[in-house]
Amino acid sequence: MQTPARRYDDPLARLDFAALDRECWWMPPGALALAGVPAFEALPLALRRRVSHVEYIHLLHAGLWLESVFIARMAGLAQRSEDPATRAQLLELVREEAGHSLMFVELLAQGGFPLQPAPKAAIALVEHAGRIVPSGSALFWALVVLGEELPDRLNRLVQRGVEDATLSALVYRMSRIHTRDEAAHAAYARGRCTEATAACPPMLRALLAPSISLGVALYARYVCYPPASLYARAGLDDARRWRGLALANPVRRRQVTLLLRPTLEFLRRCGWPLRSRWAEG
Ligand SMILES: [Fe+2]
Ligand SMILES: [Fe+2]
């Protein structure tokens, strides 16, 4: 029997969720979607910290949904794989993503935040993509690379908060555990994407590339911009206006461009002729 290559550490056994600290930032101030917006920077410190809590909660909500999609697709691929090493690798991914989702559920419960489904439009889009994008295809792996890497880069921004703000120790540890596993997931997805793309005829890549560019735009908007309901929950009046300010925020836009750039460059090197407004900076 094939033994899994990596040792598994159960995140729930390593984290003390009761230590969640509401007096700390959960995202560093510079990593917020509203960072640099003058009206936001003028708000009292306690309110800006609460906004950091809901922005982190949004990252968890997005993570829970994405991981549920990955788990389902990876489990399906594993079930169809007759190669023991491939099956073991895929099941490792499933196990680790389930561990991440479990820690997200714990933190949400500890923070008193309800579980929240992804927006209906996002669910419908992914279900549609699930029907037309075969698991294991070049397009499938390109989307997996994107899906894995953007939240991971946001997560790395969270960790930088330990240097320039009072970041919650629990959030920092959670984020470190996630990053360590995600580095392996991204490397695996990149390897599979490289192989599958090389086997995909250039004409087909040219035809499919616009759907990746569209996916990048929709996905970045969903992951990097919290919904107005969370801003309301943080105590901001006129929450829709704050979401509008985040969407129009040039600081955030620049940050999202930088977060996406390595993934877009990788996909282009693979042979995807991508055009994305996020790539222009
Ligand atoms: Fe994960
Ligand atoms: Fe992952």
# chains A, B, ... in the order shown; residues from 1 in each chain; ligands from 1
>>> residues_near_ligand(ligand="ligand 1", cutoff="7 Å", atoms="only C-alpha atoms and all ligand atoms", output="PDB file with all heavy atoms, in the first residue's frame")
ATOM      1  N   GLY A  63     -12.960  30.647   1.895  1.00  0.00           N
ATOM      2  CA  GLY A  63     -12.151  29.436   2.001  1.00  0.00           C
ATOM      3  C   GLY A  63     -13.010  28.196   2.186  1.00  0.00           C
ATOM      4  O   GLY A  63     -12.765  27.159   1.564  1.00  0.00           O
ATOM      5  N   GLU A  67     -12.903  25.296  -0.523  1.00  0.00           N
ATOM      6  CA  GLU A  67     -12.368  24.000  -0.104  1.00  0.00           C
ATOM      7  C   GLU A  67     -13.415  22.908  -0.285  1.00  0.00           C
ATOM      8  O   GLU A  67     -13.075  21.773  -0.598  1.00  0.00           O
ATOM      9  CB  GLU A  67     -11.864  24.080   1.332  1.00  0.00           C
ATOM     10  CG  GLU A  67     -10.646  24.988   1.398  1.00  0.00           C
ATOM     11  CD  GLU A  67      -9.906  24.969   2.714  1.00  0.00           C
ATOM     12  OE1 GLU A  67     -10.484  24.508   3.710  1.00  0.00           O
ATOM     13  OE2 GLU A  67      -8.746  25.420   2.726  1.00  0.00           O
ATOM     14  N   GLU A  96      -6.126  17.414   4.070  1.00  0.00           N
ATOM     15  CA  GLU A  96      -5.644  18.714   4.550  1.00  0.00           C
ATOM     16  C   GLU A  96      -6.694  19.800   4.380  1.00  0.00           C
ATOM     17  O   GLU A  96      -6.887  20.632   5.274  1.00  0.00           O
ATOM     18  CB  GLU A  96      -4.346  19.084   3.822  1.00  0.00           C
ATOM     19  CG  GLU A  96      -3.196  18.237   4.347  1.00  0.00           C
ATOM     20  CD  GLU A  96      -1.930  18.317   3.513  1.00  0.00           C
ATOM     21  OE1 GLU A  96      -1.933  19.002   2.471  1.00  0.00           O
ATOM     22  OE2 GLU A  96      -0.954  17.663   3.902  1.00  0.00           O
ATOM     23  N   GLU A  97      -7.406  19.782   3.243  1.00  0.00           N
ATOM     24  CA  GLU A  97      -8.449  20.806   3.058  1.00  0.00           C
ATOM     25  C   GLU A  97      -9.558  20.625   4.099  1.00  0.00           C
ATOM     26  O   GLU A  97     -10.099  21.601   4.605  1.00  0.00           O
ATOM     27  CB  GLU A  97      -9.040  20.756   1.641  1.00  0.00           C
ATOM     28  CG  GLU A  97      -8.071  21.064   0.503  1.00  0.00           C
ATOM     29  CD  GLU A  97      -7.512  22.482   0.494  1.00  0.00           C
ATOM     30  OE1 GLU A  97      -7.570  23.183   1.515  1.00  0.00           O
ATOM     31  OE2 GLU A  97      -6.978  22.870  -0.559  1.00  0.00           O
ATOM     32  N   HIS A 100      -8.373  22.228   7.194  1.00  0.00           N
ATOM     33  CA  HIS A 100      -8.471  23.697   7.136  1.00  0.00           C
ATOM     34  C   HIS A 100      -9.920  24.128   7.384  1.00  0.00           C
ATOM     35  O   HIS A 100     -10.178  25.040   8.151  1.00  0.00           O
ATOM     36  CB  HIS A 100      -8.039  24.232   5.766  1.00  0.00           C
ATOM     37  CG  HIS A 100      -6.653  23.845   5.377  1.00  0.00           C
ATOM     38  ND1 HIS A 100      -6.214  23.828   4.084  1.00  0.00           N
ATOM     39  CD2 HIS A 100      -5.603  23.437   6.138  1.00  0.00           C
ATOM     40  CE1 HIS A 100      -4.947  23.438   4.053  1.00  0.00           C
ATOM     41  NE2 HIS A 100      -4.563  23.185   5.288  1.00  0.00           N
ATOM     42  N   HIS A 178      -2.088  26.984   7.502  1.00  0.00           N
ATOM     43  CA  HIS A 178      -2.715  26.933   6.184  1.00  0.00           C
ATOM     44  C   HIS A 178      -1.673  27.129   5.083  1.00  0.00           C
ATOM     45  O   HIS A 178      -1.637  26.381   4.102  1.00  0.00           O
ATOM     46  CB  HIS A 178      -3.808  27.999   6.099  1.00  0.00           C
ATOM     47  CG  HIS A 178      -4.831  27.689   5.064  1.00  0.00           C
ATOM     48  ND1 HIS A 178      -5.804  28.561   4.702  1.00  0.00           N
ATOM     49  CD2 HIS A 178      -5.015  26.592   4.297  1.00  0.00           C
ATOM     50  CE1 HIS A 178      -6.547  28.003   3.750  1.00  0.00           C
ATOM     51  NE2 HIS A 178      -6.095  26.815   3.497  1.00  0.00           N
ATOM     52  N   GLU A 182      -0.719  24.771   1.973  1.00  0.00           N
ATOM     53  CA  GLU A 182      -1.072  25.286   0.645  1.00  0.00           C
ATOM     54  C   GLU A 182       0.148  25.336  -0.281  1.00  0.00           C
ATOM     55  O   GLU A 182       0.006  25.233  -1.497  1.00  0.00           O
ATOM     56  CB  GLU A 182      -1.718  26.667   0.736  1.00  0.00           C
ATOM     57  CG  GLU A 182      -3.110  26.663   1.355  1.00  0.00           C
ATOM     58  CD  GLU A 182      -4.098  25.745   0.654  1.00  0.00           C
ATOM     59  OE1 GLU A 182      -3.997  25.576  -0.571  1.00  0.00           O
ATOM     60  OE2 GLU A 182      -4.957  25.182   1.337  1.00  0.00           O
TER      61      GLU A 182
END
>>> residues_near_ligand(ligand="ligand 2", cutoff="10 Å", atoms="only C-alpha atoms and all ligand atoms", output="PyMOL selection string")
chain A and resi 63+66-67+70-71+93-94+96-98+100+144-145+147-149+151-152+178-186+188-189
>>> select_by_dssp(residues="stretch 65-267 of chain A", states="helix (DSSP H, G or I)", output="number ranges by chain")
A: 65-80, 84-111, 120-132, 138-164, 169-198, 202-224, 228-234, 239-247, 250-267
>>> closest_atom_pairs(of="stretch 38-113 of chain A", to="stretch 222-230 of chain A", cutoff="8 Å", atoms="only C-alpha atoms", output="CSV")
residue,atom,partner,partner_atom,distance
A:Val54,CA,A:Leu230,CA,5.8
A:Glu55,CA,A:Pro226,CA,6.2
A:His58,CA,A:Pro226,CA,5.8
A:Leu59,CA,A:Val223,CA,6.7
A:Ala62,CA,A:Val223,CA,6.2
>>> residues_around(residues="stretch 205-214 of chain A", least_positions_apart="2", cutoff="6 Å", atoms="only C-alpha atoms", output="list in words")
Pro202, Met203, Val216, Ala217, Leu274 and Ser276 of chain A
>>> residues_around(residues="A:Arg243", least_positions_apart="2", cutoff="9 Å", atoms="only C-alpha atoms", output="count of residues only")
14
>>> residues_around(residues="A:Gln89", least_positions_apart="5", cutoff="12 Å", atoms="only C-alpha atoms", output="MDAnalysis selection string")
chainID A and resid 2:6 74:75 77:79 81 83:84 94:96 184:185 187:189 192
>>> atom_distance(atom1="atom CA of A:Trp141", atom2="atom CA of A:Leu154")
20.5 Å
>>> closest_residue(among="A:Ser52, A:Glu82, A:Pro114, A:Leu258", to="A:Phe40", atoms="only C-alpha atoms")
A:Ser52
